[in-house]
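The structure under discussion appears below in the form of structure tokens.
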Amino acid sequence: MNDKKYILGGLLIFIVLFAFPFWFNLGKAAPAPNPVLSEKAKAAGKCVMPTEFMRAEHMKLLGMWRRSVVRHAKREFINPEGKQYTMSLQNTCLNCHDNKAKFCDKCHDYASVDVYCWDCHIDKSKGEE
Amino acid sequence: MLELAVKGDKKYWSWVVALLAVIGGAFLIYLWQLKFGLGITGMSRDVSWGFYIANFTYLVGVAAGGVMVVLPYYLHDYKAYGRITVLGEFLAIGAIVMCLLFIIVDLGQPMRILNVWLYPTPHSVLFWDTIVLNGYLFLNIVVGWNVLEAERNNVHYQAWLKPFIYISIPWAVSIHTVTAYLYCGLPGRGFWLTAILAPRFLASAFAAGPALLILLCLFVRKVSRFDPGREQIQSLAKTVAYAICINVFFFLCEVFVAFYSNIPEHMDHLKYLFAGLHGHGLLVPWMWASLILMVVGIIMTVTPLTRKNETTLACACVAIIVGTWIDKGLGMISGGFVPNPLHQVNEYAPTLPEIGITIGVYAAGALVLTILYKIAVGVKEEVRA
Amino acid sequence: MDSSRRSVLKFFGLTALGLASRPVFNAFATEHGHSAMHFEKGAKALKAKQWAMVIDTRKFESADELEPIIEACNKAHNIPQFENKNHEIKWIWETEYHNAFPQSPNRFLSEEAEQRPYLVLCNHCENPPCCRACPTQATFKRESDGIVIMDFHRCIGCRFCMAACPFGSRSFNFRDPRPFIPELNKDYPTRMKGVVEKCNFCAERLAKGLEPACVEASEGAIVFGDLYDPESEVRKLLRENYTIRRKQSLGTEPCVYYIV
């Protein structure tokens, strides 16, 4: 078995290459994101669902909203407290969170999440567009 | 058996590298298309399917054509084809790979392609098309590979392969039938709305597929020590002869129905293709060339003298491949979209980037085919050595 | 139980099972066994079994009169304007008689009727071939009111629906439309490149109790209503006038009627 050194060498090179993202970024962690609540959102006090829920599950909720609005023609959301909201990313979410760049993008950028929401939905906070 | 594919001479490797270079170039164009959108093609609101789907349709035919060697060998025990069935199956694999690539490059949102299976929709023909195409790819890989390996080991192929082999025969018919159903079930597209579309597709497939296989056999004989055999090539030639006759016959049936019934919606597309409509006639020379090539193909494959001479046979095959490609690749898709549903004429021609991506897909298919044929021919040489 | 409700239950059922360690979640998930959150139609939303439209073509003399109607739609839905005709997006547009009705171009028609401009749009067929063709149900016939609608999030851009539509009512986004929208309506989304789009009978306006933008802009020339309500204005017009539909013989049952 005189191939041993080639096999081990090859394995080593593979592991080093495979682990590239880890050792390359070692000790260079980006600071944790710090999304800023807009004045409007602060004034409202609470979102359509409790904050913890929204933090963890907003994408699923938005997915359900989308399905309901587009596919079932039901556009009103009634939360467990009985409060009613029109389901619209552009016209309800962004109405309160009128600072997409400082709110949505903060965590998305940090987590390297490239959502395609904004390919169609308009970020109203951008005044100039 | 894969090791056979990496043992080649300089010519083989230069060919592989050349193909890779073409694929790489085309991939860059595709990245551009991905970024810009399908606007870099010549497609439009009216002609919403173009070169990609046309070539896809043509290659489904080439893939289905492989069954013309599989069927006589396995069903009728026509022993001579035993030598070349694997060439037919591997041709089908290469063709299907190209078909799938053409579908992907044609999509506006290719990253969402799995939606087709995430939301399975039995009432959509396209859903079934993905199933039959992937199924046929799978069948040919399983059957072709295992039968070839058995041949290499000098044993009979495994018994469990039999059902797969038998299924693959009607399956080949199904891929082109379902592909024809994409078009012929659409109301308001008079050119495609004909029950004979699937048979016509099959006839052209059974001409073009085996014609390509003949050329490949002649090529294999030239570059290797494996001779696919004169009898095999002659038998294939007869298949080609019958199929191309039937293809032209079916076409003439279409012409009769459209013009004798005198229904404008059915006539207009044919008029556009062969005479031009409202002063637009981009495809007229192409369509006549196609018809002439197919007729030349008929004469040369039906006449014993020119069929038995392998040089003239090769010419006939080229004529038939080009003729059917124009017929299906250029005329069939554009022809169905012009005139549009509002009876306006907006013509289509592929753009350079579109042609570039198309060539890239063909190069990818050629690469798959090269590797598979290298393996197959390698095994055949080994066994006969 | 409709599927949105089912998906809510599934969602909470699964999370309750899998993420039971998350107390915050369980707080909603366990109330009455499932969440109390739900979806509804707005109180003002207009309802119908099958929306339909009657266009009184007699009221239009020149293409100029259609301009504001088309413009209203373009503005409401962020329709881009491309110079390259290949990339064109149209939801509602003007055409000639023999283009709108290519199967029945009667000869020696009254000159006035023949020279009138005709509005064409998606017919919201009762038997839509586009929905049959779509491999992902990205375009579908809405059960609640018969609108043939697009789910742009799901469309893979295969354009099978465009081949299937016998009315040429569908457009494809051959490139990003956003830079080509003359005046952005910030209350409505745009589309992205690579998806198909078409008229949605202003589903977003109906939900708010408003009639479609083109109807509103037409000053009475276009009437909108429920095809299956004998008392609707649409039915009244159909009763009192001779109407035609586009390519009726194909059996798609278009829901846009024309008084000629």
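In the structure tokens, each chain is lettered A, B, ... as it comes, each chain's residues begin at 1, and ligands are numbered from 1 in order of appearance.
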Sort by chain and increasing residue number a table of all residues of chain B within 7 Å of chain C, each with its closest pair of atoms and their distance in Å to one decimal, counting only C-alpha atoms, and write it as CSV.
residue,atom,partner,partner_atom,distance
B:Phe36,CA,C:Arg175,CA,5.8
B:Gly37,CA,C:Arg175,CA,4.7
B:Leu38,CA,C:Phe174,CA,4.9
B:Gly39,CA,C:Phe174,CA,4.4
B:Met43,CA,C:Asn86,CA,6.8
B:Ser44,CA,C:Asn86,CA,4.1
B:Arg45,CA,C:Ser171,CA,5.7
B:Ser48,CA,C:Arg159,CA,6.7
B:Asp106,CA,C:Cys158,CA,6.9
B:Leu107,CA,C:Cys158,CA,5.0
B:Gly108,CA,C:Gly194,CA,3.6
B:Gln109,CA,C:Ile156,CA,4.7
B:Pro110,CA,C:Ile156,CA,6.4
B:Arg112,CA,C:Ile156,CA,5.5
B:Ile113,CA,C:Ile156,CA,6.2
B:Asn115,CA,C:Thr136,CA,6.0
B:Val116,CA,C:Thr136,CA,5.2
B:Tyr119,CA,C:Thr136,CA,5.4
B:Pro120,CA,C:Thr136,CA,6.6
B:Thr121,CA,C:Pro135,CA,5.7
B:His123,CA,C:Arg132,CA,5.7
B:Ser124,CA,C:Ala133,CA,4.6
B:Val125,CA,C:Ala133,CA,6.5
B:Leu126,CA,C:Pro135,CA,5.8
B:Phe127,CA,C:Pro135,CA,5.3
B:Leu186,CA,C:Ala164,CA,5.2
B:Pro187,CA,C:Pro166,CA,6.3
B:Gly188,CA,C:Pro166,CA,4.7
B:Pro341,CA,C:Phe167,CA,5.5
B:Leu342,CA,C:Asn99,CA,4.5
B:His343,CA,C:Asn99,CA,5.9
Practice problem: For chain A, report every residue with an atom at most 12 Å from chain C (counting only C-alpha atoms), formatted as a VMD selection string. | Solution: chain A and resid 48 to 57 60 to 92 94 to 95 115 to 129
Quiz prompt | strand (DSSP E or B) residues, from DSSP on the backbone, in stretch 3-128 of chain A, as a ChimeraX atom specification | solution = /A:76-78,84-86
Exercise. Quote the spacing between atom CA of B:His278 and atom CA of B:His266 in Å to one decimal place.
Key: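 Between atom CA of B:His278 and atom CA of B:His266 the gap is 15.8 Å.
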Exercise. Would you mind listing what lies within 10 Å of A:Cys104 as a PyMOL selection string, with only C-alpha atoms counted and same-chain residues fewer than 6 positions away left out?
Key: chain A and resi 35-37+94+97-98
Could you take the residues named above and write them with C-alpha atoms, as an mmCIF file, in the first residue's frame?
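Final file, again-v7.cif:
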data_model
loop_
_atom_site.group_PDB
_atom_site.id
_atom_site.type_symbol
_atom_site.label_atom_id
_atom_site.label_comp_id
_atom_site.auth_asym_id
_atom_site.auth_seq_id
_atom_site.Cartn_x
_atom_site.Cartn_y
_atom_site.Cartn_z
ATOM 1 C CA PRO A 35 -32.682 46.497 13.363
ATOM 2 C CA VAL A 36 -34.199 49.853 14.174
ATOM 3 C CA LEU A 37 -37.910 50.216 14.813
ATOM 4 C CA LEU A 94 -44.271 48.854 5.224
ATOM 5 C CA HIS A 97 -42.077 49.690 9.251
ATOM 6 C CA ASP A 98 -41.375 52.550 6.886
#
Exercise. Check the smallest atom-to-atom distance from each of B:Met111, B:Val22, B:Gly329, B:Pro228 to chain A using only C-alpha atoms, then report the winner.
Key: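 Of the candidates, the smallest distance to chain A is held by B:Met111.
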Exercise. For atom CA of A:Phe20 and atom CA of A:Asp114, quote the distance in Å rounded to one decimal.
Key: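 So the two atoms, atom CA of A:Phe20 and atom CA of A:Asp114, lie 22.1 Å apart.
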Quiz item: Could you state the separation of atom CA of B:Val338 and atom CA of C:Gln248 in Å, given to one decimal place?
Solution: 20.8 Å
Quiz item: What are the DSSP alpha helix (DSSP H) residues of stretch 99-241 of chain B, as a ChimeraX atom specification?
Solution: /B:99-106,115-118,125-152,161-184,197-223,230-241
Practice problem: Considering only C-alpha atoms, return as a PyMOL selection string whatever protein or nucleic-acid residues lie within 7 Å of B:His269, sequence-local ones (same chain, fewer than 4 positions apart) excluded. | Solution: chain B and resi 191+273+335-336+338-339
Practice problem: Find the residue from B:Met332, B:Leu305, B:Val248, B:Ala203 that sits nearest to B:Tyr272; use only C-alpha atoms when measuring. | Solution: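 Closest candidate: B:Met332.
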Quiz item: Can you tell me, as a ChimeraX atom specification, what residues are no more than 9 Å from B:Tyr242 when counting only C-alpha atoms, ignoring any on the same chain fewer than 6 positions away?
Solution: /B:203,206-207,298,301-302
Keeping only N, CA and C atoms, take the residues you just selected and write them out as an mmCIF file, in the first residue's frame.
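Final output, out_15.cif:
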data_model
loop_
_atom_site.group_PDB
_atom_site.id
_atom_site.type_symbol
_atom_site.label_atom_id
_atom_site.label_comp_id
_atom_site.auth_asym_id
_atom_site.auth_seq_id
_atom_site.Cartn_x
_atom_site.Cartn_y
_atom_site.Cartn_z
ATOM 1 N N ALA B 203 -43.348 10.078 -36.739
ATOM 2 C CA ALA B 203 -42.788 9.711 -38.042
ATOM 3 C C ALA B 203 -41.489 10.471 -38.282
ATOM 4 N N PHE B 206 -38.816 8.983 -36.078
ATOM 5 C CA PHE B 206 -38.282 7.692 -36.489
ATOM 6 C C PHE B 206 -37.473 7.795 -37.784
ATOM 7 N N ALA B 207 -37.565 8.942 -38.430
ATOM 8 C CA ALA B 207 -36.675 9.184 -39.572
ATOM 9 C C ALA B 207 -35.383 9.840 -39.077
ATOM 10 N N ILE B 298 -36.207 10.913 -49.353
ATOM 11 C CA ILE B 298 -37.069 9.782 -49.738
ATOM 12 C C ILE B 298 -36.487 9.075 -50.962
ATOM 13 N N THR B 301 -33.248 7.177 -50.091
ATOM 14 C CA THR B 301 -33.315 6.013 -49.202
ATOM 15 C C THR B 301 -34.213 4.916 -49.769
ATOM 16 N N VAL B 302 -35.143 5.310 -50.621
ATOM 17 C CA VAL B 302 -36.024 4.288 -51.205
ATOM 18 C C VAL B 302 -35.326 3.585 -52.370
#
Need to verify the contact set: B:Phe226, 9 Å, only C-alpha atoms, exclusion of same-chain residues closer than 6 positions in sequence. Can you return it as an mmCIF file with N, CA, C and O atoms, in the first residue's frame?
data_model
loop_
_atom_site.group_PDB
_atom_site.id
_atom_site.type_symbol
_atom_site.label_atom_id
_atom_site.label_comp_id
_atom_site.auth_asym_id
_atom_site.auth_seq_id
_atom_site.Cartn_x
_atom_site.Cartn_y
_atom_site.Cartn_z
ATOM 1 N N VAL B 220 -18.310 5.804 -36.056
ATOM 2 C CA VAL B 220 -17.671 4.872 -35.122
ATOM 3 C C VAL B 220 -16.793 3.876 -35.883
ATOM 4 O O VAL B 220 -15.666 3.574 -35.494
ATOM 5 N N VAL B 377 -17.954 1.992 -27.264
ATOM 6 C CA VAL B 377 -17.027 1.495 -28.275
ATOM 7 C C VAL B 377 -15.848 0.807 -27.597
ATOM 8 O O VAL B 377 -15.372 -0.239 -28.059
ATOM 9 N N GLY B 378 -15.412 1.353 -26.459
ATOM 10 C CA GLY B 378 -14.319 0.730 -25.709
ATOM 11 C C GLY B 378 -14.674 -0.688 -25.305
ATOM 12 O O GLY B 378 -13.876 -1.619 -25.471
ATOM 13 N N LYS B 380 -16.945 -2.629 -26.686
ATOM 14 C CA LYS B 380 -17.078 -3.460 -27.895
ATOM 15 C C LYS B 380 -15.696 -3.904 -28.394
ATOM 16 O O LYS B 380 -15.510 -5.047 -28.798
ATOM 17 N N GLU B 381 -14.744 -2.974 -28.369
ATOM 18 C CA GLU B 381 -13.384 -3.315 -28.826
ATOM 19 C C GLU B 381 -12.772 -4.377 -27.930
ATOM 20 O O GLU B 381 -12.154 -5.323 -28.396
ATOM 21 N N ARG B 384 -14.322 -7.799 -28.509
ATOM 22 C CA ARG B 384 -13.946 -8.403 -29.781
ATOM 23 C C ARG B 384 -12.449 -8.642 -29.906
ATOM 24 O O ARG B 384 -11.995 -9.263 -30.852
#
